[in-house]
Each structure stands twice: as structure tokens, then as C-alpha cells.
file work-v1.cif (mmCIF, C-alpha atoms and all ligand atoms)
data_target
loop_
_atom_site.label_atom_id
_atom_site.label_comp_id
_atom_site.auth_asym_id
_atom_site.auth_seq_id
_atom_site.Cartn_x
_atom_site.Cartn_y
_atom_site.Cartn_z
CA MET A 685 52.76 -136.45 13.63
CA PRO A 686 56.36 -135.28 13.85
CA ASP A 687 58.00 -135.62 17.22
CA GLU A 688 58.70 -132.07 18.32
CA ARG A 689 60.96 -133.16 21.15
CA LEU A 690 63.72 -134.07 18.72
CA ARG A 691 63.23 -130.87 16.73
CA ASP A 692 63.49 -128.81 19.91
CA TRP A 693 66.54 -130.70 21.09
CA ILE A 694 68.31 -130.19 17.75
CA ALA A 695 67.44 -126.49 17.78
CA ARG A 696 69.01 -126.06 21.22
CA HIS A 697 72.48 -127.24 20.19
CA ARG A 698 75.17 -125.84 17.94
CA ARG A 699 77.73 -128.65 17.68
CA VAL A 700 76.11 -132.06 17.84
CA PHE A 701 78.23 -135.20 17.84
CA ALA A 702 76.23 -138.11 16.40
CA LEU A 703 77.09 -141.72 17.06
CA THR A 704 75.32 -143.95 14.55
CA GLY A 705 74.86 -147.69 14.36
CA ALA A 706 73.23 -150.52 12.45
CA GLY A 707 69.75 -149.01 12.79
CA CYS A 708 70.83 -146.32 10.32
CA SER A 709 71.56 -148.85 7.60
CA THR A 710 68.72 -151.36 8.00
CA GLY A 711 66.63 -149.11 5.74
CA SER A 712 69.24 -149.75 3.05
CA GLY A 713 68.79 -153.49 3.34
CA ILE A 714 71.87 -154.09 5.48
CA PRO A 715 70.74 -156.31 8.36
CA ASP A 716 71.15 -155.55 12.02
CA TYR A 717 72.83 -158.13 14.21
CA ARG A 718 70.85 -157.31 17.32
CA ASP A 719 67.24 -157.71 18.32
CA ASP A 720 65.28 -155.15 20.35
CA ASP A 721 66.73 -156.46 23.60
CA GLY A 722 70.29 -156.17 22.36
CA GLY A 723 70.70 -159.94 21.92
CA TRP A 724 72.09 -161.64 18.83
CA LYS A 725 69.53 -162.15 16.06
CA ARG A 726 71.72 -164.68 14.38
CA LYS A 727 75.07 -166.38 14.86
CA PRO A 728 77.46 -163.91 16.50
CA PRO A 729 80.12 -162.48 14.20
CA VAL A 730 83.54 -164.03 13.88
CA MET A 731 86.03 -163.37 16.66
CA ILE A 732 89.45 -162.18 15.56
CA HIS A 733 91.30 -164.99 17.35
CA ALA A 734 89.33 -167.71 15.55
CA PHE A 735 89.74 -165.86 12.25
CA ARG A 736 93.51 -165.78 12.66
CA THR A 737 94.00 -169.31 13.94
CA SER A 738 91.36 -171.54 12.36
CA ASP A 739 91.53 -172.47 8.66
CA ALA A 740 87.89 -173.53 8.80
CA VAL A 741 86.72 -170.22 10.27
CA TYR A 742 88.82 -168.26 7.75
CA ARG A 743 87.44 -170.27 4.84
CA ARG A 744 83.84 -169.97 6.03
CA TYR A 745 84.19 -166.23 6.63
CA TRP A 746 85.48 -165.53 3.14
CA ALA A 747 83.00 -167.88 1.44
CA ARG A 748 80.11 -166.02 3.02
CA ALA A 749 81.65 -162.61 2.54
CA PHE A 750 82.35 -163.35 -1.12
CA ALA A 751 78.75 -164.46 -1.68
CA GLY A 752 77.27 -161.53 0.20
CA TRP A 753 79.38 -158.77 -1.32
CA GLN A 754 77.22 -157.94 -4.29
CA ARG A 755 74.17 -157.28 -2.20
CA PHE A 756 76.22 -155.21 0.19
CA THR A 757 77.62 -153.02 -2.58
CA THR A 758 74.26 -152.44 -4.21
CA ALA A 759 72.89 -150.95 -0.97
CA THR A 760 72.26 -147.23 -1.29
CA PRO A 761 71.84 -144.46 1.31
CA ASN A 762 68.40 -144.20 2.88
CA ALA A 763 66.40 -141.42 4.56
CA ALA A 764 68.58 -141.57 7.68
CA HIS A 765 71.82 -140.98 5.77
CA ARG A 766 70.22 -138.20 3.73
CA ALA A 767 68.88 -136.52 6.87
CA PHE A 768 72.30 -136.52 8.52
CA ALA A 769 73.86 -135.03 5.38
CA ALA A 770 71.18 -132.33 5.24
CA TRP A 771 71.67 -131.55 8.92
CA GLU A 772 75.44 -131.30 8.47
CA SER A 773 74.96 -128.85 5.60
CA VAL A 774 72.91 -126.62 7.89
CA GLY A 775 75.88 -126.47 10.21
CA THR A 776 74.86 -127.72 13.63
CA LEU A 777 75.85 -131.34 13.15
CA SER A 778 79.59 -131.19 13.70
CA GLN A 779 80.66 -134.84 13.58
CA VAL A 780 79.28 -138.25 12.70
CA VAL A 781 81.02 -141.24 14.24
CA THR A 782 79.58 -144.42 12.82
CA GLN A 783 79.86 -147.99 13.95
CA ASN A 784 78.77 -149.06 10.47
CA VAL A 785 81.30 -150.25 7.92
CA ASP A 786 79.27 -149.57 4.76
CA GLY A 787 80.34 -146.02 3.86
CA LEU A 788 76.72 -144.97 3.29
CA HIS A 789 76.97 -141.74 5.32
CA GLN A 790 79.70 -140.56 2.96
CA ARG A 791 77.80 -141.67 -0.11
CA ALA A 792 74.85 -139.58 1.07
CA GLY A 793 77.15 -136.56 1.15
CA CYS A 794 78.18 -136.37 4.81
CA ARG A 795 81.74 -135.06 5.10
CA ALA A 796 82.73 -135.19 8.77
CA VAL A 797 82.48 -138.94 9.25
CA ILE A 798 84.73 -141.19 11.30
CA ASP A 799 84.35 -144.88 10.51
CA LEU A 800 84.94 -146.14 14.02
CA HIS A 801 84.98 -149.80 13.01
CA GLY A 802 86.64 -149.34 9.64
CA ARG A 803 85.40 -149.99 6.12
CA LEU A 804 84.42 -153.22 4.44
CA ASP A 805 85.57 -152.00 1.02
CA VAL A 806 89.23 -152.08 2.03
CA VAL A 807 91.22 -155.26 2.70
CA VAL A 808 94.34 -155.43 4.84
CA CYS A 809 97.00 -158.17 4.95
CA LEU A 810 97.63 -159.46 8.48
CA GLY A 811 101.14 -160.45 7.38
CA CYS A 812 102.68 -157.45 5.60
CA GLY A 813 100.02 -154.80 6.25
CA ALA A 814 99.35 -154.16 2.55
CA ARG A 815 95.98 -152.56 1.88
CA THR A 816 94.00 -153.33 -1.24
CA SER A 817 90.55 -152.75 -2.59
CA ARG A 818 87.87 -155.28 -1.79
CA GLU A 819 86.41 -154.91 -5.24
CA ALA A 820 89.69 -156.05 -6.79
CA LEU A 821 89.90 -158.92 -4.32
CA GLN A 822 86.40 -160.08 -5.26
CA THR A 823 87.61 -160.41 -8.86
CA SER A 824 90.62 -162.47 -7.88
CA ILE A 825 88.55 -164.67 -5.54
CA ALA A 826 86.17 -165.33 -8.42
CA ALA A 827 89.11 -166.25 -10.65
CA GLU A 828 90.44 -168.66 -8.00
CA ASN A 829 87.02 -170.28 -7.54
CA PRO A 830 85.63 -170.71 -11.05
CA LEU A 831 83.53 -173.78 -10.28
CA TRP A 832 82.27 -172.33 -7.04
CA VAL A 833 81.07 -169.26 -8.85
CA ALA A 834 79.57 -171.39 -11.60
CA GLN A 835 77.28 -172.99 -9.03
CA GLY A 836 75.50 -169.69 -8.88
CA VAL A 837 75.79 -168.97 -5.21
CA SER A 838 73.56 -166.13 -4.24
CA ALA A 839 73.19 -165.10 -0.65
CA PRO A 840 70.41 -162.98 0.80
CA ASP A 841 73.05 -161.13 2.83
CA GLY A 842 76.61 -161.37 4.03
CA ASP A 843 75.63 -163.74 6.81
CA ALA A 844 73.86 -166.21 4.59
CA GLU A 845 74.08 -169.84 5.49
CA ILE A 846 76.00 -171.60 2.78
CA ALA A 847 76.02 -175.38 2.59
CA ASP A 848 79.04 -176.90 4.34
CA ALA A 849 80.02 -178.85 1.24
CA LEU A 850 80.18 -175.65 -0.73
CA ILE A 851 82.31 -173.98 1.91
CA GLN A 852 84.70 -176.95 1.89
CA SER A 853 85.32 -176.42 -1.80
CA PHE A 854 85.97 -172.70 -1.41
CA ASN A 855 89.52 -171.48 -1.88
CA PRO A 856 89.95 -168.45 0.42
CA PRO A 857 92.17 -165.54 -0.64
CA ARG A 858 95.73 -164.93 0.49
CA CYS A 859 97.97 -161.88 0.15
CA GLU A 860 99.58 -161.84 -3.30
CA ALA A 861 102.74 -160.28 -1.88
CA CYS A 862 103.44 -162.41 1.20
CA GLY A 863 100.85 -165.19 1.35
CA GLY A 864 99.45 -163.79 4.60
CA LEU A 865 95.87 -163.88 5.77
CA LEU A 866 93.60 -161.16 4.42
CA LYS A 867 91.00 -159.37 6.49
CA PRO A 868 88.52 -156.65 5.63
CA ASP A 869 89.82 -153.45 7.23
CA VAL A 870 87.15 -153.53 9.89
CA VAL A 871 87.39 -153.99 13.64
CA PHE A 872 86.45 -157.59 14.38
CA PHE A 873 85.02 -158.71 17.68
CA GLY A 874 87.95 -159.14 20.02
CA GLU A 875 89.89 -156.30 18.37
CA ASN A 876 90.28 -152.69 19.48
CA VAL A 877 89.53 -149.54 17.53
CA PRO A 878 92.92 -148.17 16.33
CA ALA A 879 94.19 -145.66 18.89
CA GLU A 880 94.57 -142.71 16.52
CA ARG A 881 91.05 -143.16 15.19
CA TYR A 882 89.65 -143.28 18.69
CA ALA A 883 91.64 -140.16 19.63
CA GLU A 884 90.22 -138.29 16.62
CA ALA A 885 86.67 -139.19 17.63
CA ARG A 886 87.33 -138.28 21.23
CA GLU A 887 88.67 -134.88 20.18
CA ALA A 888 85.52 -134.26 18.14
CA LEU A 889 83.38 -135.12 21.14
CA ALA A 890 85.39 -132.72 23.31
CA SER A 891 84.38 -129.81 21.07
CA ALA A 892 80.73 -130.86 20.84
CA ASP A 893 77.87 -129.52 22.93
CA ALA A 894 75.58 -132.53 22.74
CA LEU A 895 75.53 -136.23 21.86
CA LEU A 896 72.94 -137.93 19.67
CA VAL A 897 72.97 -141.72 19.59
CA ALA A 898 71.14 -142.95 16.49
CA GLY A 899 70.21 -146.49 15.59
CA SER A 900 72.50 -148.25 18.03
CA SER A 901 71.80 -150.43 21.04
CA LEU A 902 75.31 -149.51 22.29
CA MET A 903 76.01 -153.13 23.15
CA VAL A 904 79.53 -152.79 21.76
CA TYR A 905 81.86 -151.04 24.16
CA SER A 906 83.74 -149.05 21.52
CA GLY A 907 80.54 -147.08 20.90
CA PHE A 908 79.19 -147.14 24.42
CA ARG A 909 82.29 -145.48 25.86
CA PHE A 910 81.41 -142.23 24.05
CA VAL A 911 78.30 -142.06 26.19
CA GLY A 912 80.48 -142.26 29.29
CA LEU A 913 82.75 -139.51 27.97
CA ALA A 914 79.78 -137.30 27.08
CA ARG A 915 78.26 -137.86 30.49
CA ASP A 916 81.53 -137.02 32.24
CA ALA A 917 81.70 -133.80 30.21
CA GLY A 918 78.13 -132.92 31.17
CA LEU A 919 76.83 -133.08 27.60
CA PRO A 920 73.12 -133.66 27.07
CA ILE A 921 72.44 -137.06 25.50
CA THR A 922 69.54 -137.99 23.23
CA ILE A 923 68.93 -141.47 21.87
CA VAL A 924 66.83 -142.36 18.84
CA ASN A 925 66.62 -146.12 18.59
CA ARG A 926 64.00 -148.79 18.21
CA GLY A 927 64.50 -150.95 21.23
CA ARG A 928 66.43 -150.83 24.44
CA THR A 929 69.95 -149.41 24.61
CA ARG A 930 72.66 -149.58 27.22
CA ALA A 931 72.42 -145.83 27.83
CA ASP A 932 68.67 -145.33 28.21
CA ALA A 933 69.09 -144.43 31.87
CA VAL A 934 71.43 -141.49 31.17
CA ALA A 935 69.60 -140.00 28.19
CA GLU A 936 67.59 -136.83 28.72
CA LEU A 937 65.48 -137.85 25.72
CA LYS A 938 64.82 -141.31 24.30
CA ILE A 939 62.80 -141.67 21.13
CA GLU A 940 61.69 -145.17 20.11
CA GLU A 941 61.47 -144.62 16.40
CA ASP A 942 63.24 -145.33 13.17
CA ILE A 943 66.06 -142.77 12.90
CA GLY A 944 65.35 -141.99 9.25
CA THR A 945 61.75 -141.07 9.97
CA ALA A 946 62.47 -139.27 13.23
CA LEU A 947 65.33 -137.16 11.91
CA THR A 948 63.66 -136.33 8.61
CA ASP A 949 60.54 -135.17 10.46
CA ALA A 950 62.53 -133.17 13.00
CA LEU A 951 64.54 -131.37 10.33
CA THR A 952 61.51 -130.73 8.13
CA VAL A 953 59.51 -129.25 10.99
CA ALA A 954 62.50 -127.16 12.00
CA LYS A 955 62.86 -125.83 8.48
CA TYR A 956 59.23 -125.13 7.68
CA GLY A 957 57.64 -124.81 11.08
CA GLY A 958 59.42 -121.67 12.16
CA GLY A 959 61.92 -123.44 14.35
CA ARG A 960 65.52 -122.31 14.25
CA LEU A 961 68.13 -124.90 13.41
ZN ZN B 1 100.89 -159.55 2.79
#

call {"tool": "encode", "arguments": {"input": "work-v1.cif", "output": "C-alpha cells"}}
result
Amino acid sequence: MPDERLRDWIARHRRVFALTGAGCSTGSGIPDYRDDDGGWKRKPPVMIHAFRTSDAVYRRYWARAFAGWQRFTTATPNAAHRAFAAWESVGTLSQVVTQNVDGLHQRAGCRAVIDLHGRLDVVVCLGCGARTSREALQTSIAAENPLWVAQGVSAPDGDAEIADALIQSFNPPRCEACGGLLKPDVVFFGENVPAERYAEAREALASADALLVAGSSLMVYSGFRFVGLARDAGLPITIVNRGRTRADAVAELKIEEDIGTALTDALTVAKYGGGRL
């Protein structure tokens, strides 16, 4: 039974700003870090300070990332991504700001997307700032670690536990130009969203008439602060998320459902049930 509350809410607004999180990509096989109470499901992600200063952390990060890349790149958009793209094409979804780093909104055909936390398919040098493609880096990592690859490492996901001995033998990548440390062009824990990117998202919110939070527990401040801005601007806020979020108390509507199912149903009912989008 489709939830008509979401359909009605969508039909009432003309310029919706959607903030999306991990819950949008779990249906594509990309795991969520948080449980239903917002706690860590597994080891917390790497902090930027440790990444920059500890050889062991740097090596472990890249060993796992290298092993998990193939699964990550074979993930394809799911019902949630397709629903957002369909909604955008109708014209009342004005902006998607995603906390995800997988690019799946764009692959589903969404155009107005801001990758708040960056993209995993781009690599940046912390020394000289050079940006390269992750795909190319994977090839050079493989070339630098022929025996490691020959051991047939396959990880269930990017966070897979890899035996310590195997990590010790891993040769992590360095910038070809300057020898500097390489980092995926994503915002690590302990880092800030680049100012211009934040400003762009904030500007989009300023011209919106409602905020939809989808598939995020809002435990990370960089996402949560958009709720504060929306609230200050008097925008109505709806949340579709399985599990508790940090903004439940300020939402006029909270739907505890998978975003792909909820949004697909809401749009379908709106299209065929006589509702006006
Ligand atoms: Zn460099």
C-alpha cells in the first residue's frame, strides 16, 4: 500500500532540495556504515590525521581500497536513484545533494547533483594537488603489487578485513609526479567540505521550497547542517529513512521505509492516481 503522505508532500512543493545518504546506495550493494541507532556497524572510517601521518594506516587504507574497488565499480543504480532521476525530469526536484561518493545518482540520469563529500573515482595528491583517475591508479597499484594480486585477494566490500600479513606486504601508491601521499578525492572524517562546494549547495537550498532527507541518519555534521539552514528558512522538512535520525524532532513528516520503495510508490501514485506532481 503506497504511502500517500509522501505523495501529497511531493505534490505540494515546486522546488525540492533532496539530501541523500548511504541508505540510497545500500540497494546497490554498497554498505552503510551506521546501524538503525546511528552507531557504527563496523570499524569507524579512517580519520584524515591518521591517514596523513601513519604509514601503517595509509598502507592498510589502500590495501583495503584496492581490494574493494572492483565490487564498488560494479555497483549499479537502484530504484532510489532511478526514482530521483524520474522526479527531476518532472521538474519539481530542483537539487540533489548527496553524501554518497559513488556517483550513482548521476549514472541513473540525475543532472543537478552536488557530491558533498566528493567522489571515490578521482584521486588527489596531498603533495602537489594533482588529480588523477582512480581507475588508472588501480592499474598502477596492481603493477606495483604483482604477487599481492596473484594471491587472489577478493573482498566482500571496501571495508573487508584483510589479513595483517597481507597488508604488510602491500606497496601503497605514491604520486608519480612528486612522491606525495595519494587520497581519494573524498572528504575524510576530520576534514571539511570544500567551501565553494558548500556554498553552491547552500545557494541551492536558498532557492528551494522544501527539504527531503533520504536515506541518511544525519550523524555527520556536514549533512545535518542543511537541516538547520532549512529550519531557519522556515522550509518544511520530510525524512525518509529506516531508523532514527538526528532531525526526527524537526521533521513535519518522517517515513520509516526504504527510500527506493517509498519514492517509487509516491511518484507512481502521483502519476497514475490523479495526483499532480
Ligand atoms: Zn604529487

call {"tool": "atom_distance", "arguments": {"input": "work-v1.cif", "atom1": "CA of Ser891 (chain A)", "atom2": "CA of Arg699 (chain A)"}}
result
7.6 Å

call {"tool": "residues_near_point", "arguments": {"input": "work-v1.cif", "point": "(87.5, -157.9, 19.0)", "cutoff": "9 Å", "atoms": "only C-alpha atoms", "output": "ChimeraX atom specification"}}
result
/A:730-733,871-877

call {"tool": "write_last_selection", "arguments": {"input": "work-v1.cif", "atoms": "C-alpha atoms", "output": "short mmCIF file (atom, residue, chain, number, x, y, z; two decimals), in the frame of the given file"}}
result
data_model
loop_
_atom_site.label_atom_id
_atom_site.label_comp_id
_atom_site.auth_asym_id
_atom_site.auth_seq_id
_atom_site.Cartn_x
_atom_site.Cartn_y
_atom_site.Cartn_z
CA VAL A 730 83.54 -164.03 13.88
CA MET A 731 86.03 -163.37 16.66
CA ILE A 732 89.45 -162.18 15.56
CA HIS A 733 91.30 -164.99 17.35
CA VAL A 871 87.39 -153.99 13.64
CA PHE A 872 86.45 -157.59 14.38
CA PHE A 873 85.02 -158.71 17.68
CA GLY A 874 87.95 -159.14 20.02
CA GLU A 875 89.89 -156.30 18.37
CA ASN A 876 90.28 -152.69 19.48
CA VAL A 877 89.53 -149.54 17.53
#

call {"tool": "closest_atom_pairs", "arguments": {"input": "work-v1.cif", "of": "chain A", "to": "ligand ZN 1 (chain B)", "cutoff": "6 Å", "atoms": "only C-alpha atoms and all ligand atoms", "output": "tab-separated table"}}
result
residue	atom	partner	partner_atom	distance
A:Cys809	CA	B:ZN1	ZN	4.7
A:Gly811	CA	B:ZN1	ZN	4.7
A:Cys812	CA	B:ZN1	ZN	3.9
A:Gly813	CA	B:ZN1	ZN	5.9
A:Ala814	CA	B:ZN1	ZN	5.6
A:Cys859	CA	B:ZN1	ZN	4.6
A:Ala861	CA	B:ZN1	ZN	5.1
A:Cys862	CA	B:ZN1	ZN	4.1
A:Gly863	CA	B:ZN1	ZN	5.8
A:Gly864	CA	B:ZN1	ZN	4.8

call {"tool": "closest_residue", "arguments": {"input": "work-v1.cif", "among": "A:Val797, A:Leu896, A:Ala749, A:Leu788", "to": "Leu821 (chain A)", "atoms": "all atoms listed in the file"}}
result
A:Ala749

call {"tool": "atom_distance", "arguments": {"input": "work-v1.cif", "atom1": "CA of Ala820 (chain A)", "atom2": "CA of Glu860 (chain A)"}}
result
12.0 Å

call {"tool": "residues_around", "arguments": {"input": "work-v1.cif", "residues": "Arg815 (chain A)", "least_positions_apart": "4", "cutoff": "10 Å", "atoms": "all atoms listed in the file", "output": "ChimeraX atom specification"}}
result
/A:806-810,859,866-869

call {"tool": "atom_distance", "arguments": {"input": "work-v1.cif", "atom1": "CA of Asp687 (chain A)", "atom2": "CA of Gly918 (chain A)"}}
result
24.6 Å

call {"tool": "residues_near_point", "arguments": {"input": "work-v1.cif", "point": "(85.8, -149.0, 7.3)", "cutoff": "9 Å", "atoms": "all atoms listed in the file", "output": "VMD selection string"}}
result
chain A and resid 783 to 787 798 to 806 868 to 871

call {"tool": "write_last_selection", "arguments": {"input": "work-v1.cif", "atoms": "C-alpha atoms", "output": "mmCIF file, in the frame of the given file"}}
result
data_model
loop_
_atom_site.group_PDB
_atom_site.id
_atom_site.type_symbol
_atom_site.label_atom_id
_atom_site.label_comp_id
_atom_site.auth_asym_id
_atom_site.auth_seq_id
_atom_site.Cartn_x
_atom_site.Cartn_y
_atom_site.Cartn_z
ATOM 1 C CA GLN A 783 79.860 -147.990 13.950
ATOM 2 C CA ASN A 784 78.770 -149.060 10.470
ATOM 3 C CA VAL A 785 81.300 -150.250 7.920
ATOM 4 C CA ASP A 786 79.270 -149.570 4.760
ATOM 5 C CA GLY A 787 80.340 -146.020 3.860
ATOM 6 C CA ILE A 798 84.730 -141.190 11.300
ATOM 7 C CA ASP A 799 84.350 -144.880 10.510
ATOM 8 C CA LEU A 800 84.940 -146.140 14.020
ATOM 9 C CA HIS A 801 84.980 -149.800 13.010
ATOM 10 C CA GLY A 802 86.640 -149.340 9.640
ATOM 11 C CA ARG A 803 85.400 -149.990 6.120
ATOM 12 C CA LEU A 804 84.420 -153.220 4.440
ATOM 13 C CA ASP A 805 85.570 -152.000 1.020
ATOM 14 C CA VAL A 806 89.230 -152.080 2.030
ATOM 15 C CA PRO A 868 88.520 -156.650 5.630
ATOM 16 C CA ASP A 869 89.820 -153.450 7.230
ATOM 17 C CA VAL A 870 87.150 -153.530 9.890
ATOM 18 C CA VAL A 871 87.390 -153.990 13.640
#

call {"tool": "closest_residue", "arguments": {"input": "work-v1.cif", "among": "A:Ser906, A:Leu947, A:Val774, A:Arg915", "to": "Ala935 (chain A)", "atoms": "all atoms listed in the file"}}
result
A:Arg915

call {"tool": "closest_residue", "arguments": {"input": "work-v1.cif", "among": "A:Phe768, A:Phe854, A:Trp753, A:Phe735", "to": "Ile714 (chain A)", "atoms": "all atoms listed in the file"}}
result
A:Trp753

call {"tool": "closest_residue", "arguments": {"input": "work-v1.cif", "among": "A:Tyr745, A:Glu819, A:Glu936, A:Thr782", "to": "Arg881 (chain A)", "atoms": "only C-alpha atoms"}}
result
A:Thr782

call {"tool": "residues_around", "arguments": {"input": "work-v1.cif", "residues": "Arg744 (chain A)", "least_positions_apart": "5", "cutoff": "9 Å", "atoms": "only C-alpha atoms", "output": "ChimeraX atom specification"}}
result
/A:739,749,846,848,851-852,854,856

call {"tool": "residues_around", "arguments": {"input": "work-v1.cif", "residues": "Ser900 (chain A)", "least_positions_apart": "2", "cutoff": "6 Å", "atoms": "all atoms listed in the file", "output": "ChimeraX atom specification"}}
result
/A:705,707,898,902

call {"tool": "residues_around", "arguments": {"input": "work-v1.cif", "residues": "Cys794 (chain A)", "least_positions_apart": "5", "cutoff": "12 Å", "atoms": "all atoms listed in the file", "output": "CSV table (one decimal) with C-alpha atoms, in the coordinates of the input"}}
result
chain,number,residue,atom,x,y,z
A,702,ALA,CA,76.2,-138.1,16.4
A,761,PRO,CA,71.8,-144.5,1.3
A,764,ALA,CA,68.6,-141.6,7.7
A,765,HIS,CA,71.8,-141.0,5.8
A,766,ARG,CA,70.2,-138.2,3.7
A,767,ALA,CA,68.9,-136.5,6.9
A,768,PHE,CA,72.3,-136.5,8.5
A,769,ALA,CA,73.9,-135.0,5.4
A,770,ALA,CA,71.2,-132.3,5.2
A,771,TRP,CA,71.7,-131.6,8.9
A,772,GLU,CA,75.4,-131.3,8.5
A,773,SER,CA,75.0,-128.8,5.6
A,774,VAL,CA,72.9,-126.6,7.9
A,775,GLY,CA,75.9,-126.5,10.2
A,777,LEU,CA,75.8,-131.3,13.2
A,778,SER,CA,79.6,-131.2,13.7
A,779,GLN,CA,80.7,-134.8,13.6
A,780,VAL,CA,79.3,-138.2,12.7
A,781,VAL,CA,81.0,-141.2,14.2
A,782,THR,CA,79.6,-144.4,12.8
A,787,GLY,CA,80.3,-146.0,3.9
A,788,LEU,CA,76.7,-145.0,3.3
A,789,HIS,CA,77.0,-141.7,5.3
A,799,ASP,CA,84.4,-144.9,10.5

call {"tool": "closest_residue", "arguments": {"input": "work-v1.cif", "among": "A:Ala933, A:Thr758, A:Ala751, A:Tyr882", "to": "Arg909 (chain A)", "atoms": "only C-alpha atoms"}}
result
A:Tyr882

call {"tool": "residues_around", "arguments": {"input": "work-v1.cif", "residues": "Phe908 (chain A)", "least_positions_apart": "6", "cutoff": "9 Å", "atoms": "all atoms listed in the file", "output": "PyMOL selection string"}}
result
chain A and resi 901-902+930-931

call {"tool": "closest_residue", "arguments": {"input": "work-v1.cif", "among": "A:Pro715, A:Pro857, A:Gly907, A:Gly793", "to": "Arg886 (chain A)", "atoms": "all atoms listed in the file"}}
result
A:Gly907
